[in-house]
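Have a look at work-v4.cif below; it lists mmCIF, C-alpha atoms.
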data_input
#
loop_
_atom_site.group_PDB
_atom_site.id
_atom_site.type_symbol
_atom_site.label_atom_id
_atom_site.label_comp_id
_atom_site.auth_asym_id
_atom_site.auth_seq_id
_atom_site.Cartn_x
_atom_site.Cartn_y
_atom_site.Cartn_z
ATOM 1 C CA MET A 1 5.958 -23.157 27.561
ATOM 2 C CA GLY A 2 4.109 -22.966 24.266
ATOM 3 C CA ASN A 3 0.760 -23.879 25.851
ATOM 4 C CA SER A 4 1.323 -21.341 28.640
ATOM 5 C CA GLN A 5 2.019 -18.590 26.133
ATOM 6 C CA SER A 6 -1.062 -19.588 24.143
ATOM 7 C CA ARG A 7 -3.263 -19.439 27.270
ATOM 8 C CA SER A 8 -1.809 -16.024 28.112
ATOM 9 C CA ARG A 9 -2.668 -14.763 24.648
ATOM 10 C CA THR A 10 -6.223 -16.117 24.912
ATOM 11 C CA ARG A 11 -6.769 -14.357 28.243
ATOM 12 C CA ARG A 12 -5.366 -11.139 26.846
ATOM 13 C CA ARG A 13 -7.685 -11.281 23.816
ATOM 14 C CA ARG A 14 -10.732 -11.981 25.974
ATOM 15 C CA LYS A 15 -9.970 -9.343 28.581
ATOM 16 C CA TYR A 16 -8.444 -6.574 26.526
ATOM 17 C CA LEU A 17 -10.000 -7.085 23.103
ATOM 18 C CA VAL A 18 -6.717 -7.743 21.333
ATOM 19 C CA ALA A 19 -7.680 -9.657 18.217
ATOM 20 C CA LYS A 20 -6.001 -12.921 17.303
ATOM 21 C CA HIS A 21 -4.461 -11.433 14.150
ATOM 22 C CA GLU A 22 -2.878 -8.658 16.259
ATOM 23 C CA GLU A 23 -0.932 -11.029 18.517
ATOM 24 C CA PHE A 24 1.933 -11.201 16.017
ATOM 25 C CA TRP A 25 2.580 -7.488 16.525
ATOM 26 C CA VAL A 26 2.359 -7.775 20.310
ATOM 27 C CA ASP A 27 5.073 -10.439 20.107
ATOM 28 C CA MET A 28 7.175 -8.256 17.788
ATOM 29 C CA GLN A 29 6.827 -5.024 19.777
ATOM 30 C CA PRO A 30 9.929 -5.352 22.034
ATOM 31 C CA PHE A 31 12.119 -6.376 19.077
ATOM 32 C CA LEU A 32 10.851 -3.548 16.877
ATOM 33 C CA LEU A 33 11.399 -1.063 19.686
ATOM 34 C CA GLN A 34 15.030 -2.168 19.824
ATOM 35 C CA ARG A 35 15.242 -1.664 16.067
ATOM 36 C CA GLY A 36 13.982 1.900 16.414
ATOM 37 C CA TYR A 37 10.277 1.534 15.609
ATOM 38 C CA LYS A 38 7.555 2.245 18.165
ATOM 39 C CA LEU A 39 4.156 0.619 17.758
ATOM 40 C CA ARG A 40 0.973 2.055 19.214
ATOM 41 C CA PRO A 41 0.461 1.504 22.991
ATOM 42 C CA ARG A 42 -2.092 -1.210 22.200
ATOM 43 C CA TYR A 43 0.723 -3.556 21.143
ATOM 44 C CA ASP A 44 2.894 -3.153 24.224
ATOM 45 C CA PRO A 45 2.948 -6.560 26.001
ATOM 46 C CA MET A 46 2.322 -4.690 29.278
ATOM 47 C CA TRP A 47 -0.575 -2.650 27.851
ATOM 48 C CA LYS A 48 -3.679 -2.037 29.921
ATOM 49 C CA PRO A 49 -6.682 -0.444 28.196
ATOM 50 C CA SER A 50 -7.067 3.242 28.993
ATOM 51 C CA TRP A 51 -10.863 2.938 29.121
ATOM 52 C CA LYS A 52 -10.641 0.411 31.983
ATOM 53 C CA ARG A 53 -8.766 2.718 34.324
ATOM 54 C CA LEU A 54 -10.365 3.888 37.576
ATOM 55 C CA GLY A 55 -12.746 6.769 37.068
ATOM 56 C CA GLN A 56 -13.323 6.049 33.367
ATOM 57 C CA PHE A 57 -17.047 5.402 33.778
ATOM 58 C CA GLY A 58 -19.097 5.220 30.620
ATOM 59 C CA VAL A 59 -16.023 5.350 28.379
ATOM 60 C CA SER A 60 -16.036 2.953 25.433
ATOM 61 C CA PHE A 61 -13.013 1.424 23.754
ATOM 62 C CA MET A 62 -14.207 3.259 20.621
ATOM 63 C CA ASP A 63 -13.430 6.555 22.370
ATOM 64 C CA ARG A 64 -9.772 5.752 22.992
ATOM 65 C CA GLU A 65 -6.937 5.497 20.487
ATOM 66 C CA ASP A 66 -5.599 2.329 22.094
ATOM 67 C CA GLY A 67 -8.989 0.733 21.418
ATOM 68 C CA VAL A 68 -8.502 1.013 17.663
ATOM 69 C CA MET A 69 -7.939 -2.436 16.189
ATOM 70 C CA ASN A 70 -5.479 -3.043 13.391
ATOM 71 C CA LYS A 71 -7.294 -4.331 10.315
ATOM 72 C CA GLU A 72 -4.553 -6.356 8.644
ATOM 73 C CA ARG A 73 -2.336 -9.078 10.056
ATOM 74 C CA ASN A 74 0.661 -8.290 7.867
ATOM 75 C CA LEU A 75 0.492 -4.467 8.004
ATOM 76 C CA ILE A 76 0.806 -2.023 10.884
ATOM 77 C CA ASP A 77 1.757 1.585 11.494
ATOM 78 C CA ALA A 78 4.634 2.730 13.671
ATOM 79 C CA ILE A 79 6.774 5.735 14.532
ATOM 80 C CA ARG A 80 10.440 5.799 13.535
ATOM 81 C CA ILE A 81 11.992 6.877 16.809
ATOM 82 C CA SER A 82 14.995 8.637 15.276
ATOM 83 C CA ASP A 83 12.939 11.358 13.583
ATOM 84 C CA GLY A 84 9.266 10.791 14.459
ATOM 85 C CA LEU A 85 8.348 9.751 10.903
ATOM 86 C CA LYS A 86 5.099 7.793 10.579
ATOM 87 C CA VAL A 87 5.799 4.549 8.750
ATOM 88 C CA VAL A 88 4.142 1.292 7.773
ATOM 89 C CA LEU A 89 5.625 -2.116 8.538
ATOM 90 C CA LYS A 90 4.726 -4.996 6.260
ATOM 91 C CA ALA A 91 5.517 -8.642 6.945
ATOM 92 C CA VAL A 92 6.692 -10.241 3.704
ATOM 93 C CA GLU A 93 7.486 -13.854 2.853
ATOM 94 C CA THR A 94 11.145 -14.107 1.931
ATOM 95 C CA ASP A 95 10.539 -16.654 -0.826
ATOM 96 C CA SER A 96 8.663 -14.038 -2.876
ATOM 97 C CA GLU A 97 10.315 -11.546 -5.208
ATOM 98 C CA GLU A 98 8.912 -8.519 -3.395
ATOM 99 C CA ILE A 99 12.004 -7.598 -1.368
ATOM 100 C CA PRO A 100 14.560 -8.134 -4.180
ATOM 101 C CA ILE A 101 12.419 -6.117 -6.595
ATOM 102 C CA LEU A 102 11.937 -3.291 -4.089
ATOM 103 C CA LEU A 103 15.651 -3.192 -3.312
ATOM 104 C CA TYR A 104 16.475 -3.006 -7.003
ATOM 105 C CA LEU A 105 13.909 -0.318 -7.786
ATOM 106 C CA ASN A 106 14.962 1.799 -4.825
ATOM 107 C CA SER A 107 18.535 1.698 -6.107
ATOM 108 C CA GLU A 108 17.295 3.495 -9.238
ATOM 109 C CA ARG A 109 15.981 6.648 -7.561
ATOM 110 C CA ALA A 110 17.935 8.958 -9.872
ATOM 111 C CA ASP A 111 15.286 8.395 -12.541
ATOM 112 C CA THR A 112 12.409 10.760 -11.766
ATOM 113 C CA ARG A 113 9.968 8.394 -13.479
ATOM 114 C CA ASN A 114 10.497 5.891 -10.686
ATOM 115 C CA LYS A 115 7.228 5.874 -8.754
ATOM 116 C CA THR A 116 7.993 2.870 -6.574
ATOM 117 C CA VAL A 117 7.122 3.235 -2.904
ATOM 118 C CA PRO A 118 10.268 4.289 -0.984
ATOM 119 C CA LEU A 119 11.835 1.382 0.899
ATOM 120 C CA LEU A 120 13.124 2.782 4.206
ATOM 121 C CA ASP A 121 14.375 -0.403 5.839
ATOM 122 C CA VAL A 122 14.359 -4.197 5.674
ATOM 123 C CA ILE A 123 14.180 -6.010 9.018
ATOM 124 C CA MET A 124 14.902 -9.701 9.365
ATOM 125 C CA ILE A 125 12.721 -11.333 12.011
ATOM 126 C CA PRO A 126 14.564 -13.308 14.717
ATOM 127 C CA GLN A 127 14.404 -17.095 14.713
ATOM 128 C CA THR A 128 12.892 -17.405 11.252
ATOM 129 C CA ASP A 129 14.112 -17.163 7.675
ATOM 130 C CA ASP A 130 10.608 -17.310 6.249
ATOM 131 C CA THR A 131 9.469 -13.758 6.955
ATOM 132 C CA ALA A 132 10.997 -10.294 6.949
ATOM 133 C CA MET A 133 9.582 -6.812 7.402
ATOM 134 C CA ILE A 134 9.795 -3.926 4.987
ATOM 135 C CA VAL A 135 9.404 -0.349 6.201
ATOM 136 C CA MET A 136 7.670 2.262 4.059
ATOM 137 C CA PRO A 137 6.220 5.742 4.573
ATOM 138 C CA ILE A 138 2.498 5.965 5.276
ATOM 139 C CA LEU A 139 0.611 6.534 2.026
ATOM 140 C CA LEU A 140 -3.069 6.882 1.105
ATOM 141 C CA GLN A 141 -4.931 5.132 -1.705
ATOM 142 C CA PHE A 142 -4.883 7.688 -4.518
ATOM 143 C CA SER A 143 -8.653 8.078 -5.061
ATOM 144 C CA THR A 144 -9.726 8.039 -1.400
ATOM 145 C CA LEU A 145 -9.929 11.835 -1.333
ATOM 146 C CA PRO A 146 -12.067 13.273 -4.136
ATOM 147 C CA PHE A 147 -10.532 14.984 -7.131
ATOM 148 C CA ARG A 148 -11.664 18.583 -7.549
ATOM 149 C CA TYR A 149 -10.111 19.526 -10.885
ATOM 150 C CA VAL A 150 -9.402 17.801 -14.186
ATOM 151 C CA GLY A 151 -5.761 18.780 -13.789
ATOM 152 C CA GLU A 152 -5.517 16.745 -10.594
ATOM 153 C CA VAL A 153 -6.650 13.600 -12.428
ATOM 154 C CA CYS A 154 -4.238 14.415 -15.239
ATOM 155 C CA GLU A 155 -1.328 14.751 -12.823
ATOM 156 C CA ALA A 156 -2.117 11.459 -11.082
ATOM 157 C CA PHE A 157 -2.343 9.344 -14.223
ATOM 158 C CA HIS A 158 0.622 11.015 -15.855
ATOM 159 C CA GLU A 159 2.634 9.946 -12.796
ATOM 160 C CA PHE A 160 1.321 6.393 -12.915
ATOM 161 C CA LEU A 161 1.910 6.077 -16.651
ATOM 162 C CA GLN A 162 5.468 7.327 -16.348
ATOM 163 C CA GLY A 163 5.995 4.960 -13.439
ATOM 164 C CA LEU A 164 4.743 2.000 -15.449
ATOM 165 C CA VAL A 165 7.028 2.914 -18.340
ATOM 166 C CA PHE A 166 9.933 2.948 -15.896
ATOM 167 C CA LEU A 167 9.042 -0.488 -14.521
ATOM 168 C CA HIS A 168 8.684 -1.992 -17.979
ATOM 169 C CA GLU A 169 11.963 -0.524 -19.224
ATOM 170 C CA HIS A 170 13.564 -2.379 -16.321
ATOM 171 C CA ASN A 171 11.792 -5.588 -17.386
ATOM 172 C CA ILE A 172 9.472 -5.573 -14.382
ATOM 173 C CA ALA A 173 5.756 -6.317 -14.726
ATOM 174 C CA HIS A 174 3.774 -5.241 -11.669
ATOM 175 C CA MET A 175 0.887 -7.659 -12.336
ATOM 176 C CA ASP A 176 -1.490 -5.842 -9.990
ATOM 177 C CA ALA A 177 -1.507 -2.203 -11.138
ATOM 178 C CA CYS A 178 -4.990 -1.751 -9.702
ATOM 179 C CA PHE A 179 -6.866 0.556 -7.352
ATOM 180 C CA TYR A 180 -5.529 -0.561 -3.989
ATOM 181 C CA ASN A 181 -1.902 -0.530 -5.128
ATOM 182 C CA LEU A 182 -1.981 3.019 -6.507
ATOM 183 C CA MET A 183 -1.105 5.434 -3.737
ATOM 184 C CA MET A 184 -0.479 9.098 -3.043
ATOM 185 C CA ASP A 185 1.810 10.821 -0.575
ATOM 186 C CA PRO A 186 -0.770 12.653 1.597
ATOM 187 C CA ARG A 187 1.540 14.728 3.768
ATOM 188 C CA ASN A 188 0.809 18.054 2.080
ATOM 189 C CA VAL A 189 -2.817 17.258 1.263
ATOM 190 C CA ILE A 190 -3.625 16.206 4.855
ATOM 191 C CA PRO A 191 -1.188 18.378 6.815
ATOM 192 C CA ASN A 192 -2.345 17.192 10.255
ATOM 193 C CA GLY A 193 -2.120 13.559 9.213
ATOM 194 C CA PHE A 194 -4.583 10.700 9.584
ATOM 195 C CA HIS A 195 -4.894 7.484 11.555
ATOM 196 C CA PHE A 196 -3.649 4.379 9.791
ATOM 197 C CA ALA A 197 -6.680 2.325 10.877
ATOM 198 C CA ASP A 198 -9.204 4.988 9.822
ATOM 199 C CA TRP A 199 -8.091 7.502 7.219
ATOM 200 C CA SER A 200 -11.056 9.822 7.906
ATOM 201 C CA SER A 201 -9.968 10.463 11.486
ATOM 202 C CA GLU A 202 -6.881 12.064 12.989
ATOM 203 C CA ASP A 203 -6.745 9.648 15.933
ATOM 204 C CA GLY A 204 -9.009 6.795 14.824
ATOM 205 C CA THR A 205 -11.558 7.210 17.620
ATOM 206 C CA ARG A 206 -15.310 7.604 17.355
ATOM 207 C CA LYS A 207 -15.300 11.145 18.776
ATOM 208 C CA GLY A 208 -11.938 12.236 17.443
ATOM 209 C CA ASN A 209 -11.235 15.036 15.008
ATOM 210 C CA LYS A 210 -12.014 14.371 11.381
ATOM 211 C CA ILE A 211 -9.155 14.961 8.981
ATOM 212 C CA GLN A 212 -8.599 18.394 7.499
ATOM 213 C CA TRP A 213 -7.523 18.232 3.882
ATOM 214 C CA VAL A 214 -6.790 20.680 1.092
ATOM 215 C CA GLU A 215 -7.185 20.441 -2.665
ATOM 216 C CA ARG A 216 -4.330 18.668 -4.419
ATOM 217 C CA ARG A 217 -3.951 21.547 -6.840
ATOM 218 C CA SER A 218 -3.102 23.920 -3.998
ATOM 219 C CA VAL A 219 -0.081 21.825 -2.937
ATOM 220 C CA ALA A 220 0.961 20.417 -6.317
ATOM 221 C CA PRO A 221 2.900 18.486 -7.292
ATOM 222 C CA VAL A 222 1.578 15.513 -5.358
ATOM 223 C CA ASN A 223 3.711 12.382 -5.404
ATOM 224 C CA TYR A 224 2.110 9.110 -6.487
ATOM 225 C CA HIS A 225 3.502 5.622 -5.940
ATOM 226 C CA PHE A 226 3.040 1.944 -6.783
ATOM 227 C CA ILE A 227 3.004 -0.464 -3.848
ATOM 228 C CA ASP A 228 2.784 -4.249 -3.364
ATOM 229 C CA PHE A 229 5.205 -6.060 -5.642
ATOM 230 C CA GLY A 230 4.334 -9.470 -4.233
ATOM 231 C CA LEU A 231 2.916 -10.670 -7.555
ATOM 232 C CA SER A 232 5.458 -8.915 -9.765
ATOM 233 C CA TRP A 233 7.748 -10.538 -12.318
ATOM 234 C CA LYS A 234 11.291 -9.344 -12.961
ATOM 235 C CA PHE A 235 12.763 -10.680 -16.167
ATOM 236 C CA SER A 236 16.338 -10.860 -17.324
ATOM 237 C CA PRO A 237 17.114 -8.653 -20.340
ATOM 238 C CA TYR A 238 18.435 -11.845 -21.950
ATOM 239 C CA ASP A 239 15.113 -13.690 -21.708
ATOM 240 C CA ASP A 240 13.830 -14.610 -25.151
ATOM 241 C CA ASP A 241 10.214 -14.570 -24.030
ATOM 242 C CA MET A 242 9.028 -12.326 -21.200
ATOM 243 C CA LEU A 243 5.802 -14.147 -20.452
ATOM 244 C CA ALA A 244 3.755 -14.878 -17.337
ATOM 245 C CA ILE A 245 1.096 -17.386 -16.400
ATOM 246 C CA GLY A 246 -1.725 -17.367 -13.869
ATOM 247 C CA LYS A 247 -4.775 -15.286 -12.990
ATOM 248 C CA VAL A 248 -3.627 -12.884 -10.305
ATOM 249 C CA GLY A 249 -4.314 -9.419 -8.948
ATOM 250 C CA GLN A 250 -7.437 -7.411 -8.183
ATOM 251 C CA ASP A 251 -8.571 -7.136 -11.812
ATOM 252 C CA ARG A 252 -9.249 -10.572 -13.312
ATOM 253 C CA THR A 253 -10.945 -9.212 -16.441
ATOM 254 C CA VAL A 254 -7.673 -9.002 -18.406
ATOM 255 C CA PRO A 255 -8.496 -10.820 -21.678
ATOM 256 C CA GLU A 256 -5.145 -12.605 -22.014
ATOM 257 C CA MET A 257 -4.793 -13.638 -18.371
ATOM 258 C CA SER A 258 -4.814 -17.428 -18.044
ATOM 259 C CA ASP A 259 -3.889 -20.233 -15.672
ATOM 260 C CA GLU A 260 -3.082 -22.479 -18.636
ATOM 261 C CA SER A 261 -1.402 -20.314 -21.273
ATOM 262 C CA PHE A 262 1.451 -17.836 -21.136
ATOM 263 C CA TYR A 263 0.689 -14.172 -21.862
ATOM 264 C CA ASP A 264 2.352 -10.747 -22.042
ATOM 265 C CA PRO A 265 2.436 -9.410 -18.447
ATOM 266 C CA PHE A 266 3.299 -5.901 -19.617
ATOM 267 C CA LYS A 267 0.032 -5.684 -21.528
ATOM 268 C CA THR A 268 -1.649 -6.863 -18.337
ATOM 269 C CA ASP A 269 -0.277 -3.838 -16.469
ATOM 270 C CA VAL A 270 -1.478 -1.506 -19.209
ATOM 271 C CA TYR A 271 -4.945 -3.046 -19.190
ATOM 272 C CA GLN A 272 -5.287 -2.915 -15.411
ATOM 273 C CA LEU A 273 -4.241 0.730 -15.176
ATOM 274 C CA GLY A 274 -6.536 1.552 -18.087
ATOM 275 C CA ASN A 275 -9.461 0.019 -16.238
ATOM 276 C CA VAL A 276 -8.673 2.178 -13.221
ATOM 277 C CA LEU A 277 -8.728 5.253 -15.436
ATOM 278 C CA LEU A 278 -12.081 4.258 -16.940
ATOM 279 C CA SER A 279 -13.529 3.704 -13.466
ATOM 280 C CA ILE A 280 -12.456 7.191 -12.405
ATOM 281 C CA CYS A 281 -14.062 8.596 -15.564
ATOM 282 C CA LYS A 282 -17.361 6.929 -14.621
ATOM 283 C CA ASN A 283 -17.288 8.367 -11.109
ATOM 284 C CA TYR A 284 -16.792 11.989 -12.137
ATOM 285 C CA GLU A 285 -18.399 14.354 -14.606
ATOM 286 C CA GLY A 286 -16.220 16.152 -17.145
ATOM 287 C CA LEU A 287 -13.620 13.414 -17.665
ATOM 288 C CA THR A 288 -14.790 12.156 -21.045
ATOM 289 C CA VAL A 289 -11.547 13.508 -22.513
ATOM 290 C CA PHE A 290 -9.746 10.577 -20.846
ATOM 291 C CA GLU A 291 -12.086 7.852 -22.079
ATOM 292 C CA PRO A 292 -10.305 7.283 -25.445
ATOM 293 C CA LEU A 293 -7.052 6.834 -23.539
ATOM 294 C CA GLY A 294 -8.640 4.290 -21.203
ATOM 295 C CA ALA A 295 -10.215 2.496 -24.153
ATOM 296 C CA SER A 296 -6.875 2.231 -25.966
ATOM 297 C CA MET A 297 -5.310 0.738 -22.847
ATOM 298 C CA THR A 298 -7.991 -1.920 -22.402
ATOM 299 C CA CYS A 299 -8.586 -3.117 -25.953
ATOM 300 C CA ARG A 300 -7.109 -6.232 -27.558
ATOM 301 C CA ILE A 301 -4.185 -5.101 -29.689
ATOM 302 C CA PRO A 302 -1.304 -6.935 -31.331
ATOM 303 C CA THR A 303 1.442 -4.532 -30.222
ATOM 304 C CA ASN A 304 3.461 -5.294 -27.107
ATOM 305 C CA GLY A 305 2.660 -3.658 -23.782
ATOM 306 C CA LEU A 306 5.854 -1.624 -23.440
ATOM 307 C CA LEU A 307 5.524 -0.050 -26.878
ATOM 308 C CA LEU A 308 1.904 0.871 -26.212
ATOM 309 C CA LEU A 309 2.751 2.334 -22.830
ATOM 310 C CA ARG A 310 5.567 4.465 -24.238
ATOM 311 C CA LEU A 311 3.211 5.893 -26.840
ATOM 312 C CA ILE A 312 0.553 6.651 -24.218
ATOM 313 C CA ALA A 313 2.970 8.144 -21.692
ATOM 314 C CA HIS A 314 4.232 10.629 -24.271
ATOM 315 C CA PHE A 315 0.672 11.565 -25.202
ATOM 316 C CA SER A 316 -0.281 14.847 -23.575
ATOM 317 C CA ILE A 317 -3.135 14.001 -21.245
#
What is this structure when it is put down as structure tokens?
Amino acid sequence: MGNSQSRSRTRRRRKYLVAKHEEFWVDMQPFLLQRGYKLRPRYDPMWKPSWKRLGQFGVSFMDREDGVMNKERNLIDAIRISDGLKVVLKAVETDSEEIPILLYLNSERADTRNKTVPLLDVIMIPQTDDTAMIVMPILLQFSTLPFRYVGEVCEAFHEFLQGLVFLHEHNIAHMDACFYNLMMDPRNVIPNGFHFADWSSEDGTRKGNKIQWVERRSVAPVNYHFIDFGLSWKFSPYDDDMLAIGKVGQDRTVPEMSDESFYDPFKTDVYQLGNVLLSICKNYEGLTVFEPLGASMTCRIPTNGLLLLRLIAHFSI
């Protein structure tokens, strides 16, 4: 049975251009449909490519939405059938702290400083205890669309700073507060939406419509969020020492970060976010006003990370 299924998958990949890393979602499609989440037609086990239909001469897979390949094995977009909301499904290992931390943080929504990605659902996968799926709204990396005004940059980093203060007050160190985990809610900025596999396109195809977006200032306030808590540490308030160990995350330039010695993970968060701010300052003219803030976040200082962050977050940027 296993070999037969494997041969079937191989034929499907060769004939229909379904990549090996996409097969997981093809297998999950019927189950997810029962749970109320509809994947793109490409992942239907009975799918036949639209560009191979009779009369479709000269049509490339790049011209059809069902020809758009998913880029990540553990992430995919879907539609929540109950209300048509576009969501993202992420496969998460259950032995990590990501799901418990997300559940806890989403129980603290009353605090407006909470910038954690909304957790819409947790789905246990049949026949395994090793992996579960979390459901989140579709977000966009915060600097993908260009900033047009200094106030837009100010709003974004004020949100992230307040969000980091909130995490640290709850004894949670993100440990990867870097570019690809800093997101924005794009619904008002890109009113017609975008394709999950290609943010610049509405349908992901080569000849499809390019996205239409508006300046953030015109639809302010824009909501910003932290994602990916797979490397995060949640400490007990009774812990004598809230320390971490290991070189992790996108930014490995943190001075204290070590595989051999324990260090303050809260200072790591501050440093990583400070580096993001400095990078934004380098990419735009007129942001020198933020450089002292970024420098204070990335220098070696004796004070603890939470104290520093509280001081910065209350500084009017």
> Of the residues A:Glu97, A:Glu155, A:Asp63, A:Asp77, which is the one nearest to Phe194 (chain A), using only C-alpha atoms?
Replying inline: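 Comparing A:Glu97, A:Glu155, A:Asp63, A:Asp77 against Phe194 (chain A), the winner is A:Asp77.
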> Skipping near chain neighbours, those fewer than 5 positions away, what residues fall within 8 Å of Leu39 (chain A) using all atoms listed in the file, listed as a count of residues only?
Replying inline: 7
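Comparing the minimum interatomic distances between Phe290 (chain A) and each of A:Asp241, A:Gly208, A:Gly151, A:Cys178, counting only C-alpha atoms, we find that A:Gly151 sits nearest.
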> Which one of A:Ser201, A:Ser279, A:Thr131, A:Asn70 sits closest to Val92 (chain A) if you count all atoms listed in the file?
Replying inline: A:Thr131
> Where does the PyMOL selection byres ((chain A and resi 209-212) around 12) land in this file, that is, which residues does it pick, as a PyMOL selection string?
Replying inline: chain A and resi 63+65+145+186-196+198-208+213-215
>> Take the PyMOL selection byres ((chain A and resi 227) around 7), run it mentally on this structure, and tell me the resulting residues as JSON, numbers by chain.
In response: {"A": [116, 117, 181, 182, 225, 226, 228, 229]}
So that I have them on file, write out the residues from the current selection with C-alpha atoms, as a PDB file, in the coordinates of the input.
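The resulting file, selection-v1.pdb, is reproduced below:
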ATOM      1  CA  THR A 116       7.993   2.870  -6.574  1.00  0.00           C
ATOM      2  CA  VAL A 117       7.122   3.235  -2.904  1.00  0.00           C
ATOM      3  CA  ASN A 181      -1.902  -0.530  -5.128  1.00  0.00           C
ATOM      4  CA  LEU A 182      -1.981   3.019  -6.507  1.00  0.00           C
ATOM      5  CA  HIS A 225       3.502   5.622  -5.940  1.00  0.00           C
ATOM      6  CA  PHE A 226       3.040   1.944  -6.783  1.00  0.00           C
ATOM      7  CA  ASP A 228       2.784  -4.249  -3.364  1.00  0.00           C
ATOM      8  CA  PHE A 229       5.205  -6.060  -5.642  1.00  0.00           C
TER       9      PHE A 229
END
> For the atom pair CA of Asp27 (chain A) and CA of Val68 (chain A), what is the interatomic distance in Å to one decimal place?
Replying inline: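 Pair CA of Asp27 (chain A) / CA of Val68 (chain A) returns 17.9 Å.
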> Of the residues A:His158, A:Arg148, A:Arg73, A:His170, which is the one nearest to Tyr104 (chain A), using only C-alpha atoms?
Replying inline: A:His170
Can you tell me, as a tab-separated table (two decimals) with C-alpha atoms, keeping the file's coordinate frame, what residues are no more than 10 Å from Ser258 (chain A) when counting only C-alpha atoms, ignoring any on the same chain fewer than 5 positions away?
chain	number	residue	atom	x	y	z
A	244	ALA	CA	3.76	-14.88	-17.34
A	245	ILE	CA	1.10	-17.39	-16.40
A	246	GLY	CA	-1.72	-17.37	-13.87
A	247	LYS	CA	-4.78	-15.29	-12.99
A	248	VAL	CA	-3.63	-12.88	-10.30
A	252	ARG	CA	-9.25	-10.57	-13.31
A	263	TYR	CA	0.69	-14.17	-21.86
